[in-house]
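Q: First the structure, then my questions, so here it is.
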Amino acid sequence: MAEATRRRGKGRQDDGRSGDRLFDRELDHLPPEARWREWMNRVEATIFAASEPVGRETLARIVGKSCSIDLLIDDIREELRGRPYDLVPVAGGWKHLTRPAYADAIRSAFGTAVGGSGRAADLTQSDVLVLMCIAYFQPITRAELSSFFGKEISRDFIGHLRGAGLIASGPRSPTPGAPYTYVTTKEFLLEFGLDTLRDLPDFEALEDAGLLSKEKLLAGDILPNFARVPEDIGVEADE
């Protein structure tokens, strides 16, 4: 009986490996142009079907070893030129996103923009200002944020951003008391359409230009859509 069970188990395992072998990644039987077209279709279909950005390792499972994922993506995006959507590098992968020019039409149709979790649209100016500081200066403590803005940043405020999944706890600070630090997350990249933190405006260029100073930040000069720091960014100290 045990021997029969082992044989059945082995058979199922072999079937799984056989099924994997049946998926032809290389497509050597096709001429080069048809092979490239099929790889393009596979990649676009996979990204379209996914709810999260699809990374390079995932895409490598469905194309041949000699296939350049970057060149394939470039060709797909070229074909999508003029369409109302695109393949966009975001949060370490690629995702189908509608073009910004159609945001108003989508919002009128559905009452909100479609794509992502929708959290970014609900962020206040205060939220965005604090997130920007965390993104540039991470890992950063709550006390350092409070000092930066000249107003107390409460635990509740930090908890709100953590609850939205946009920041997470970083390493403990080496300063007295070893307070928690905070860092941005993959969800932050996704919500703001960034592939990596390198897509933020260049830190050194802003600093060299004299834009990345506390005075400029509080005056709202780093990002033109920001006004002065809102009153609700700071609350009474809770310690």
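Convention: chains lettered A, B, ... in structure tokens order; per-chain residue numbering from 1; ligands numbered from 1 as shown.
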Which stretch 12-90 of chain A residues have any atom within 10 Å of an atom of stretch 187-206 of chain A, and for each, what is the nearest pair of atoms with distance in Å to one decimal, counting only C-alpha atoms, rows sorted by chain and number, as a tab-separated table?

A:
residue	atom	partner	partner_atom	distance
A:Glu52	CA	A:Leu190	CA	8.9
A:Pro53	CA	A:Leu190	CA	8.2
A:Val88	CA	A:Gly193	CA	8.2
A:Pro89	CA	A:Asp195	CA	5.4
A:Val90	CA	A:Asp195	CA	3.8

Q: Can you list, as a PyMOL selection string, all residues belonging to stretch 89-197 of chain A that DSSP tags as alpha helix (DSSP H)?

A: chain A and resi 103-110+119-122+125-137+142-149+155-163+186-191

Q: Which is closer to A:Leu145 than all the others in A:Glu78, A:Gly111, A:Thr181, A:Ala50, using only C-alpha atoms?

A: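 The shortest atom-to-atom distance to A:Leu145 comes from A:Thr181.
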
Q: Between atom CA of A:Gly163 and atom CA of A:Leu123, what is the distance in Å, rounded to a tenth?

A: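 Spanning atom CA of A:Gly163 to atom CA of A:Leu123 is a straight-line distance of 12.4 Å.
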
Q: Between A:Ala164, A:Leu87, A:Ala178, A:Val63, which is the closest to A:Phe48 once you count only C-alpha atoms?

A: A:Leu87

Q: When distances are computed from only C-alpha atoms, which of A:Tyr102, A:Tyr136, A:Phe157, A:Tyr85 shows the smallest separation from A:Val183?

A: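 Looking at the shortest contact to A:Val183, the residue is A:Tyr136.
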
Q: Can you pull out the residues contacting A:Thr141? Cut-off 10 Å, using only C-alpha atoms, and skip same-chain residues under 4 positions away; I want them as a list in words.

A: Ile134, Phe137, Leu145, Ser146, Ser147, Ser169, Gly170, Pro171, Arg172, Ser173, Thr175, Ala178, Pro179, Tyr180, Thr181, Tyr182 and Val183 of chain A

Q: Give the strand (DSSP E or B) residues of stretch 61-169 of chain A, as assigned by DSSP on the backbone, as a ChimeraX atom specification.

A: /A:85-90,93-98,140-141,167-169

Q: Can you work out which one of A:Thr98, A:Gln138, A:Ser126, A:Ser66 has the shortest atom-to-atom distance to A:Arg25, counting only C-alpha atoms?

A: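 Of all the options, A:Ser66 lies closest to A:Arg25.
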
Q: Got a sec: who's within 10 Å of A:Val130, counting only C-alpha atoms, leaving out chain neighbours fewer than 6 positions off, as a list in words?

A: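 Here the qualifying residues turn out to be Leu145, Ser146, Phe148, Phe149, Ile153, Phe157, Ile158, Leu161, Val229 and Ile233 of chain A.
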
Q: Kindly export the residues of the current selection with N, CA, C and O atoms, as a PDB file, in the first residue's frame.

A:
ATOM      1  N   LEU A 145      11.494  64.862  12.472  1.00  0.00           N
ATOM      2  CA  LEU A 145      10.450  65.458  11.637  1.00  0.00           C
ATOM      3  C   LEU A 145       9.864  66.695  12.308  1.00  0.00           C
ATOM      4  O   LEU A 145       9.658  67.726  11.663  1.00  0.00           O
ATOM      5  N   SER A 146       9.605  66.576  13.615  1.00  0.00           N
ATOM      6  CA  SER A 146       9.042  67.702  14.359  1.00  0.00           C
ATOM      7  C   SER A 146       9.992  68.893  14.335  1.00  0.00           C
ATOM      8  O   SER A 146       9.581  70.042  14.136  1.00  0.00           O
ATOM      9  N   PHE A 148      12.226  69.481  12.072  1.00  0.00           N
ATOM     10  CA  PHE A 148      12.317  69.963  10.694  1.00  0.00           C
ATOM     11  C   PHE A 148      11.204  70.946  10.390  1.00  0.00           C
ATOM     12  O   PHE A 148      11.416  71.996   9.780  1.00  0.00           O
ATOM     13  N   PHE A 149       9.987  70.618  10.834  1.00  0.00           N
ATOM     14  CA  PHE A 149       8.836  71.467  10.545  1.00  0.00           C
ATOM     15  C   PHE A 149       8.614  72.548  11.592  1.00  0.00           C
ATOM     16  O   PHE A 149       7.802  73.453  11.396  1.00  0.00           O
ATOM     17  N   ILE A 153       5.016  66.614  15.503  1.00  0.00           N
ATOM     18  CA  ILE A 153       4.343  65.615  14.679  1.00  0.00           C
ATOM     19  C   ILE A 153       3.892  64.493  15.605  1.00  0.00           C
ATOM     20  O   ILE A 153       4.726  63.821  16.218  1.00  0.00           O
ATOM     21  N   PHE A 157      -0.504  61.091  13.890  1.00  0.00           N
ATOM     22  CA  PHE A 157      -0.224  61.489  12.512  1.00  0.00           C
ATOM     23  C   PHE A 157       0.635  60.427  11.822  1.00  0.00           C
ATOM     24  O   PHE A 157       0.344  60.009  10.697  1.00  0.00           O
ATOM     25  N   ILE A 158       1.683  59.980  12.516  1.00  0.00           N
ATOM     26  CA  ILE A 158       2.531  58.921  11.976  1.00  0.00           C
ATOM     27  C   ILE A 158       1.722  57.638  11.798  1.00  0.00           C
ATOM     28  O   ILE A 158       1.844  56.926  10.791  1.00  0.00           O
ATOM     29  N   LEU A 161      -0.253  57.603   8.574  1.00  0.00           N
ATOM     30  CA  LEU A 161       0.540  57.283   7.385  1.00  0.00           C
ATOM     31  C   LEU A 161       0.930  55.803   7.350  1.00  0.00           C
ATOM     32  O   LEU A 161       0.963  55.180   6.287  1.00  0.00           O
ATOM     33  N   VAL A 229       3.333  75.547   5.253  1.00  0.00           N
ATOM     34  CA  VAL A 229       2.974  74.372   6.038  1.00  0.00           C
ATOM     35  C   VAL A 229       1.617  74.585   6.691  1.00  0.00           C
ATOM     36  O   VAL A 229       1.417  75.571   7.399  1.00  0.00           O
ATOM     37  N   ILE A 233      -0.592  70.260  10.379  1.00  0.00           N
ATOM     38  CA  ILE A 233       0.544  69.351  10.332  1.00  0.00           C
ATOM     39  C   ILE A 233       1.126  69.127  11.724  1.00  0.00           C
ATOM     40  O   ILE A 233       1.780  68.138  11.997  1.00  0.00           O
TER      41      ILE A 233
END

Q: Rank A:Trp39, A:Glu33, A:Gly92, A:Pro139 by their smallest atom-to-atom distance to A:Lys186, using only C-alpha atoms, and report the top residue only.

A: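 Checking each of A:Trp39, A:Glu33, A:Gly92, A:Pro139 against A:Lys186, counting only C-alpha atoms, the winner is A:Gly92.
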
Q: Quick one: everything within 10 Å of A:Leu27, counting only C-alpha atoms, minus sequence neighbours fewer than 5 positions away in the same chain. Send it as a list of chain:residue names.

A: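 In the requested form, the answer reads A:Pro32, A:Ala34, A:Arg35, A:Trp36, A:Glu38, A:Trp39, A:Val63, A:Gly64.
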
Q: Using only C-alpha atoms, which of A:Ser154, A:Arg37, A:Ile106, A:Ala60 sits nearest A:Asp75?

A: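 When distances to A:Asp75 are compared using only C-alpha atoms, the smallest one comes from A:Arg37.
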